[in-house]
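> Just start16.cif, nothing more (mmCIF, C-alpha atoms):
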```
data_query
#
loop_
_atom_site.label_atom_id
_atom_site.label_comp_id
_atom_site.auth_asym_id
_atom_site.auth_seq_id
_atom_site.Cartn_x
_atom_site.Cartn_y
_atom_site.Cartn_z
CA MET O 88 117.08 -108.12 25.79
CA GLY O 89 119.97 -105.88 24.93
CA ASP O 90 120.36 -102.48 23.39
CA PRO O 91 118.45 -102.21 20.08
CA ARG O 92 121.27 -100.11 18.61
CA PHE O 93 123.71 -103.01 18.78
CA HIS O 94 123.28 -106.08 16.61
CA ARG O 95 123.55 -109.54 18.05
CA LYS O 96 125.92 -112.10 16.63
CA THR O 97 124.33 -114.09 13.82
CA TYR O 98 126.46 -117.17 14.46
CA GLU O 99 127.80 -119.43 17.16
CA THR O 100 131.47 -120.21 17.50
CA PRO O 101 132.61 -123.84 17.84
CA ARG O 102 132.46 -125.20 21.38
CA HIS O 103 135.99 -126.51 21.27
CA PRO O 104 138.50 -124.28 19.44
CA TRP O 105 141.16 -126.88 18.59
CA GLU O 106 139.58 -129.83 16.81
CA ALA O 107 141.89 -130.82 13.96
CA GLU O 108 139.20 -132.48 11.83
CA ARG O 109 136.83 -129.49 12.06
CA ILE O 110 139.66 -127.03 11.37
CA LYS O 111 140.70 -128.97 8.26
CA GLU O 112 137.09 -129.18 7.01
CA GLU O 113 136.55 -125.44 7.55
CA TRP O 114 139.82 -124.60 5.82
CA GLU O 115 138.80 -126.64 2.75
CA LEU O 116 135.36 -124.96 2.63
CA LYS O 117 136.99 -121.55 3.02
CA LYS O 118 139.33 -122.26 0.13
CA LYS O 119 136.68 -123.85 -2.12
CA TYR O 120 134.15 -121.02 -1.77
CA GLY O 121 136.68 -118.15 -1.50
CA LEU O 122 135.44 -117.05 1.90
CA LYS O 123 137.07 -114.24 3.85
CA ASN O 124 137.20 -116.08 7.17
CA LYS O 125 135.69 -118.96 9.10
CA ARG O 126 133.04 -116.67 10.55
CA GLU O 127 131.19 -116.94 7.22
CA ILE O 128 131.15 -120.73 7.57
CA TRP O 129 129.82 -120.39 11.12
CA LYS O 130 127.05 -118.09 9.85
CA ALA O 131 126.06 -120.66 7.21
CA LYS O 132 126.08 -123.39 9.88
CA SER O 133 123.80 -121.24 12.06
CA ILE O 134 121.36 -120.75 9.17
CA LEU O 135 121.37 -124.50 8.53
CA ARG O 136 120.96 -125.25 12.25
CA ASN O 137 117.91 -122.96 12.32
CA PHE O 138 116.24 -124.72 9.35
CA ARG O 139 117.01 -128.18 10.73
CA GLY O 140 115.70 -127.21 14.18
CA GLN O 141 112.45 -126.03 12.64
CA ALA O 142 112.17 -129.32 10.72
CA ARG O 143 112.73 -131.43 13.86
CA ASN O 144 110.17 -129.36 15.77
CA LEU O 145 107.63 -129.75 12.95
CA GLN O 146 108.21 -133.52 12.76
CA ALA O 147 107.35 -133.86 16.44
CA ARG O 148 104.28 -131.64 16.18
CA LEU O 149 102.99 -133.40 13.05
CA ARG O 150 103.06 -136.74 14.88
CA TYR O 151 100.48 -135.32 17.28
CA GLY O 152 98.32 -133.94 14.45
CA ASP O 153 98.85 -130.23 15.10
CA PRO O 154 97.01 -128.32 12.31
CA GLN O 155 99.22 -125.24 12.77
CA ALA O 156 102.31 -127.41 12.15
CA GLU O 157 101.02 -128.32 8.67
CA LYS O 158 100.76 -124.64 7.76
CA GLN O 159 104.23 -123.93 9.12
CA GLN O 160 105.61 -126.92 7.21
CA LYS O 161 104.25 -125.51 3.94
CA GLN O 162 105.73 -122.11 4.76
CA LEU O 163 109.14 -123.65 5.49
CA PHE O 164 109.06 -125.63 2.23
CA THR O 165 108.06 -122.50 0.30
CA LYS O 166 110.91 -120.50 1.83
CA LEU O 167 113.55 -123.15 1.12
CA ILE O 168 112.31 -123.70 -2.44
CA ARG O 169 112.29 -119.94 -3.09
CA LEU O 170 115.87 -119.70 -1.79
CA GLY O 171 116.88 -122.59 -4.05
CA ILE O 172 118.15 -124.66 -1.14
CA LEU O 173 115.51 -127.35 -1.62
CA GLU O 174 114.09 -128.80 -4.83
CA GLU O 175 110.32 -128.68 -5.26
CA SER O 176 110.17 -132.40 -6.08
CA ASN O 177 112.18 -133.24 -2.95
CA ALA O 178 110.30 -131.13 -0.38
CA THR O 179 110.16 -133.30 2.75
CA LEU O 180 111.25 -132.76 6.33
CA ASP O 181 113.82 -135.56 5.91
CA ALA O 182 115.31 -133.66 2.95
CA ILE O 183 115.69 -130.59 5.18
CA LEU O 184 117.40 -132.69 7.85
CA SER O 185 119.84 -134.05 5.26
CA LEU O 186 120.98 -130.59 4.08
CA THR O 187 124.65 -129.69 4.49
CA VAL O 188 126.57 -126.45 4.96
CA GLU O 189 127.59 -126.58 1.30
CA ASP O 190 123.91 -126.34 0.28
CA ILE O 191 123.78 -122.97 2.05
CA LEU O 192 127.18 -121.81 0.77
CA ARG O 193 126.15 -122.57 -2.84
CA ARG O 194 123.33 -120.01 -2.58
CA ARG O 195 125.60 -117.12 -1.54
CA LEU O 196 125.87 -114.29 -4.06
CA GLN O 197 129.64 -114.75 -4.22
CA THR O 198 129.29 -118.39 -5.31
CA VAL O 199 126.47 -117.71 -7.78
CA VAL O 200 128.47 -114.90 -9.45
CA TYR O 201 131.42 -117.27 -9.86
CA LEU O 202 129.25 -120.12 -11.16
CA LYS O 203 127.56 -117.80 -13.68
CA GLY O 204 130.98 -116.99 -15.10
CA LEU O 205 130.99 -113.30 -14.14
CA ALA O 206 134.30 -113.78 -12.31
CA ARG O 207 137.32 -116.02 -12.84
CA THR O 208 137.64 -117.18 -9.23
CA PRO O 209 135.48 -117.11 -6.10
CA ARG O 210 137.85 -114.53 -4.60
CA GLN O 211 137.48 -112.30 -7.64
CA ALA O 212 133.70 -112.69 -7.38
CA ARG O 213 133.91 -111.47 -3.79
CA GLN O 214 136.00 -108.48 -4.83
CA PHE O 215 133.58 -107.55 -7.64
CA ILE O 216 130.64 -107.68 -5.21
CA VAL O 217 132.32 -105.69 -2.42
CA HIS O 218 133.50 -103.04 -4.88
CA GLY O 219 129.98 -102.61 -6.26
CA HIS O 220 130.38 -104.14 -9.72
CA ILE O 221 127.53 -106.68 -9.38
CA ALA O 222 123.82 -105.93 -9.49
CA ILE O 223 120.59 -107.92 -9.10
CA ASN O 224 117.72 -106.56 -11.22
CA GLY O 225 119.78 -103.41 -11.82
CA ARG O 226 120.28 -102.73 -8.08
CA ARG O 227 123.82 -102.88 -6.77
CA VAL O 228 124.42 -105.50 -4.06
CA THR O 229 127.63 -105.29 -2.02
CA ILE O 230 127.10 -108.21 0.37
CA PRO O 231 128.90 -111.41 -0.69
CA GLY O 232 126.94 -113.50 1.83
CA TYR O 233 123.54 -112.45 0.41
CA LEU O 234 121.43 -115.58 -0.15
CA VAL O 235 120.23 -115.44 -3.75
CA ARG O 236 116.62 -116.39 -4.36
CA ARG O 237 115.84 -118.66 -7.28
CA ASP O 238 113.93 -115.94 -9.18
CA GLU O 239 116.88 -113.52 -8.80
CA GLU O 240 119.46 -115.94 -10.15
CA ASN O 241 118.97 -115.00 -13.82
CA ALA O 242 118.89 -111.27 -12.99
CA ILE O 243 122.49 -111.16 -11.70
CA ASP O 244 124.77 -109.15 -13.97
CA TYR O 245 127.36 -106.40 -13.88
CA TYR O 246 126.17 -103.05 -12.51
CA GLU O 247 125.34 -100.76 -15.44
CA HIS O 248 127.59 -97.90 -14.22
CA SER O 249 130.50 -100.20 -13.43
CA PRO O 250 133.59 -100.23 -15.66
CA LEU O 251 133.15 -104.01 -15.84
CA ALA O 252 129.91 -103.52 -17.78
CA ASN O 253 132.12 -102.86 -20.80
CA GLU O 254 132.80 -106.20 -22.50
CA MET O 255 136.35 -105.13 -23.36
CA HIS O 256 137.38 -104.59 -19.71
CA PRO O 257 140.60 -106.57 -19.05
CA MET O 258 139.47 -108.03 -15.68
CA ARG O 259 136.24 -109.38 -17.10
CA PRO O 260 136.33 -113.11 -17.89
CA GLN O 261 136.26 -113.72 -21.61
CA VAL O 262 133.68 -116.12 -23.04
CA VAL O 263 135.59 -118.58 -25.20
CA GLU O 264 134.13 -121.35 -27.34
CA GLY O 265 134.62 -124.68 -25.63
CA ALA O 266 134.51 -123.03 -22.21
CA GLU O 267 132.41 -125.94 -20.86
CA GLU O 268 135.51 -128.14 -20.75
CA ALA O 269 137.61 -125.39 -19.17
CA ALA O 270 135.12 -124.72 -16.37
CA PRO O 271 133.39 -128.00 -15.51
CA GLN O 272 132.10 -126.66 -12.20
CA VAL O 273 130.20 -123.83 -13.91
CA ALA O 274 128.62 -126.14 -16.49
CA GLN O 275 127.88 -128.77 -13.86
CA GLU O 276 125.91 -126.41 -11.62
CA GLY O 277 123.79 -125.19 -14.51
CA GLY O 278 124.61 -121.55 -13.81
CA GLY O 279 126.85 -121.00 -16.83
CA GLU O 280 125.87 -118.83 -19.74
#
```
Before anything else, please render the file you have as structure tokens.

Amino acid sequence: MGDPRFHRKTYETPRHPWEAERIKEEWELKKKYGLKNKREIWKAKSILRNFRGQARNLQARLRYGDPQAEKQQKQLFTKLIRLGILEESNATLDAILSLTVEDILRRRLQTVVYLKGLARTPRQARQFIVHGHIAINGRRVTIPGYLVRRDEENAIDYYEHSPLANEMHPMRPQVVEGAEEAAPQVAQEGGGE
């Protein structure tokens, strides 16, 4: 069982350390989302593996008409919809099985802060979060890997006691007219202001 004072790893490392295709894919994800290291990708893969495992288990149990499986299926759909990983109109077990690691990485606080336009780059978004400049509902959050719920998405802003709360701060991204063309990724995701 282990000592309760020590946390267990929340991820699994790859089985084979030197696969060129996997290394290239992880490097591109790391660069695209501004991640610190590949461990964050492995954590996202573990979260995805957990959801997909639950979906496969529920599919098998639903074939046999298990009434408890129907309740658990609704709970899983509710959780994924609340996290913003799954759309309400597309809530099926097949949709859960077709999720990718990028669906999980898009819900990280670091990515949402960047997509909302609170930071110029994903790396800067990470720095703002770690240094305590970002808050959700007025409460400071310093964990870049925090999975943002759908109802919290609009409540993300600069922490009120942070120097970045001042609109004239030089590190704060400036809102310029015509910014939709300059930042197509922000406008595309619907998180821009």
> Tell me which residues come within 12 Å of (129.3, -107.9, -13.0), as a ChimeraX atom specification, counting all atoms listed in the file in the file's coordinates.
/O:196-197,199-201,203-207,211-229,242-254,256,258-260
> If I take atom CA of O:Leu116 and atom CA of O:Leu180, how far is one from the other in Å, to one decimal?
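Value for the atom CA of O:Leu116-atom CA of O:Leu180 distance: 25.6 Å.
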> To one decimal place, how far is atom CA of O:Asp181 from atom CA of O:Ser133 in Å?
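Rounded to one decimal, the two atoms are 18.5 Å apart.
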> Hey, what comes out of the PyMOL selection byres ((chain O and resi 159) around 12) on this file? Could you write it as a ChimeraX atom specification?
/O:141-142,144-146,148-149,153-158,160-166,180
> Using atom CA of O:Arg194 and atom CA of O:Ile134 as the two end points, give the distance in Å to one decimal.
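It comes out at 11.9 Å.
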> With all atoms listed in the file as the basis for distance, which of O:Arg210, O:Lys125, O:Ile230, O:Arg237 is at the shortest distance from O:Leu167?
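When distances to O:Leu167 are compared using all atoms listed in the file, the smallest one comes from O:Arg237.
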> Could you give me stretch 94-105 of chain O completed to all heavy atoms, formatted as an mmCIF file, in the frame of the given file?

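This is the output file result27.cif:
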```
data_model
loop_
_atom_site.group_PDB
_atom_site.id
_atom_site.type_symbol
_atom_site.label_atom_id
_atom_site.label_comp_id
_atom_site.auth_asym_id
_atom_site.auth_seq_id
_atom_site.Cartn_x
_atom_site.Cartn_y
_atom_site.Cartn_z
ATOM 1 N N HIS O 94 123.735 -104.812 17.183
ATOM 2 C CA HIS O 94 123.280 -106.080 16.610
ATOM 3 C C HIS O 94 123.847 -107.246 17.393
ATOM 4 O O HIS O 94 124.965 -107.201 17.897
ATOM 5 C CB HIS O 94 123.737 -106.189 15.146
ATOM 6 C CG HIS O 94 123.142 -105.147 14.267
ATOM 7 N ND1 HIS O 94 121.815 -105.138 13.932
ATOM 8 C CD2 HIS O 94 123.683 -104.065 13.663
ATOM 9 C CE1 HIS O 94 121.564 -104.102 13.157
ATOM 10 N NE2 HIS O 94 122.686 -103.429 12.980
ATOM 11 N N ARG O 95 123.076 -108.313 17.432
ATOM 12 C CA ARG O 95 123.550 -109.540 18.050
ATOM 13 C C ARG O 95 124.348 -110.329 17.040
ATOM 14 O O ARG O 95 124.180 -110.161 15.833
ATOM 15 C CB ARG O 95 122.373 -110.376 18.519
ATOM 16 C CG ARG O 95 121.621 -109.722 19.639
ATOM 17 C CD ARG O 95 120.594 -110.679 20.200
ATOM 18 N NE ARG O 95 119.927 -110.045 21.320
ATOM 19 C CZ ARG O 95 118.625 -110.065 21.496
ATOM 20 N NH1 ARG O 95 117.856 -110.682 20.648
ATOM 21 N NH2 ARG O 95 118.102 -109.472 22.534
ATOM 22 N N LYS O 96 125.178 -111.238 17.530
ATOM 23 C CA LYS O 96 125.920 -112.100 16.630
ATOM 24 C C LYS O 96 124.947 -113.009 15.896
ATOM 25 O O LYS O 96 123.979 -113.491 16.477
ATOM 26 C CB LYS O 96 126.924 -112.960 17.396
ATOM 27 C CG LYS O 96 128.131 -112.195 17.866
ATOM 28 C CD LYS O 96 129.311 -113.068 18.226
ATOM 29 C CE LYS O 96 128.994 -114.240 19.096
ATOM 30 N NZ LYS O 96 130.188 -114.930 19.571
ATOM 31 N N THR O 97 125.207 -113.243 14.619
ATOM 32 C CA THR O 97 124.330 -114.090 13.820
ATOM 33 C C THR O 97 124.906 -115.495 13.664
ATOM 34 O O THR O 97 124.517 -116.221 12.761
ATOM 35 C CB THR O 97 124.133 -113.486 12.418
ATOM 36 O OG1 THR O 97 125.424 -113.311 11.820
ATOM 37 C CG2 THR O 97 123.416 -112.160 12.492
ATOM 38 N N TYR O 98 125.829 -115.859 14.545
ATOM 39 C CA TYR O 98 126.460 -117.170 14.460
ATOM 40 C C TYR O 98 126.915 -117.602 15.836
ATOM 41 O O TYR O 98 126.961 -116.813 16.769
ATOM 42 C CB TYR O 98 127.656 -117.131 13.504
ATOM 43 C CG TYR O 98 128.754 -116.195 13.956
ATOM 44 C CD1 TYR O 98 129.813 -116.655 14.735
ATOM 45 C CD2 TYR O 98 128.729 -114.847 13.632
ATOM 46 C CE1 TYR O 98 130.800 -115.792 15.172
ATOM 47 C CE2 TYR O 98 129.713 -113.986 14.055
ATOM 48 C CZ TYR O 98 130.750 -114.466 14.833
ATOM 49 O OH TYR O 98 131.736 -113.613 15.265
ATOM 50 N N GLU O 99 127.226 -118.889 15.936
ATOM 51 C CA GLU O 99 127.800 -119.430 17.160
ATOM 52 C C GLU O 99 129.177 -119.958 16.826
ATOM 53 O O GLU O 99 129.370 -120.606 15.799
ATOM 54 C CB GLU O 99 126.945 -120.560 17.707
ATOM 55 C CG GLU O 99 125.602 -120.121 18.226
ATOM 56 C CD GLU O 99 124.783 -121.300 18.734
ATOM 57 O OE1 GLU O 99 125.379 -122.332 19.103
ATOM 58 O OE2 GLU O 99 123.558 -121.173 18.740
ATOM 59 N N THR O 100 130.126 -119.698 17.708
ATOM 60 C CA THR O 100 131.470 -120.210 17.500
ATOM 61 C C THR O 100 131.510 -121.683 17.916
ATOM 62 O O THR O 100 130.662 -122.141 18.682
ATOM 63 C CB THR O 100 132.490 -119.413 18.329
ATOM 64 O OG1 THR O 100 132.104 -119.478 19.702
ATOM 65 C CG2 THR O 100 132.546 -117.969 17.878
ATOM 66 N N PRO O 101 132.493 -122.434 17.421
ATOM 67 C CA PRO O 101 132.610 -123.840 17.840
ATOM 68 C C PRO O 101 132.831 -123.943 19.341
ATOM 69 O O PRO O 101 133.469 -123.086 19.949
ATOM 70 C CB PRO O 101 133.827 -124.344 17.065
ATOM 71 C CG PRO O 101 133.989 -123.404 15.940
ATOM 72 C CD PRO O 101 133.475 -122.085 16.402
ATOM 73 N N ARG O 102 132.330 -125.027 19.926
ATOM 74 C CA ARG O 102 132.460 -125.200 21.380
ATOM 75 C C ARG O 102 133.901 -125.467 21.788
ATOM 76 O O ARG O 102 134.330 -125.041 22.840
ATOM 77 C CB ARG O 102 131.564 -126.337 21.843
ATOM 78 C CG ARG O 102 130.120 -125.975 21.718
ATOM 79 C CD ARG O 102 129.239 -127.037 22.260
ATOM 80 N NE ARG O 102 127.850 -126.616 22.074
ATOM 81 C CZ ARG O 102 126.824 -127.384 22.293
ATOM 82 N NH1 ARG O 102 126.990 -128.610 22.698
ATOM 83 N NH2 ARG O 102 125.608 -126.927 22.103
ATOM 84 N N HIS O 103 134.592 -126.226 20.964
ATOM 85 C CA HIS O 103 135.990 -126.510 21.270
ATOM 86 C C HIS O 103 136.847 -125.913 20.165
ATOM 87 O O HIS O 103 136.678 -126.252 19.001
ATOM 88 C CB HIS O 103 136.229 -128.016 21.365
ATOM 89 C CG HIS O 103 137.545 -128.353 21.984
ATOM 90 N ND1 HIS O 103 138.723 -128.324 21.288
ATOM 91 C CD2 HIS O 103 137.878 -128.702 23.256
ATOM 92 C CE1 HIS O 103 139.725 -128.656 22.086
ATOM 93 N NE2 HIS O 103 139.238 -128.886 23.290
ATOM 94 N N PRO O 104 137.778 -125.006 20.489
ATOM 95 C CA PRO O 104 138.500 -124.280 19.440
ATOM 96 C C PRO O 104 139.538 -125.089 18.673
ATOM 97 O O PRO O 104 139.885 -124.719 17.567
ATOM 98 C CB PRO O 104 139.165 -123.134 20.197
ATOM 99 C CG PRO O 104 139.268 -123.602 21.600
ATOM 100 C CD PRO O 104 138.123 -124.527 21.829
ATOM 101 N N TRP O 105 140.036 -126.202 19.234
ATOM 102 C CA TRP O 105 141.160 -126.880 18.590
ATOM 103 C C TRP O 105 140.834 -128.311 18.212
ATOM 104 O O TRP O 105 141.461 -129.246 18.696
ATOM 105 C CB TRP O 105 142.397 -126.845 19.492
ATOM 106 C CG TRP O 105 142.728 -125.483 19.956
ATOM 107 C CD1 TRP O 105 142.627 -124.993 21.205
ATOM 108 C CD2 TRP O 105 143.192 -124.402 19.153
ATOM 109 N NE1 TRP O 105 142.999 -123.683 21.254
ATOM 110 C CE2 TRP O 105 143.357 -123.282 19.994
ATOM 111 C CE3 TRP O 105 143.485 -124.250 17.799
ATOM 112 C CZ2 TRP O 105 143.792 -122.049 19.545
ATOM 113 C CZ3 TRP O 105 143.933 -123.027 17.354
ATOM 114 C CH2 TRP O 105 144.079 -121.955 18.213
#
```
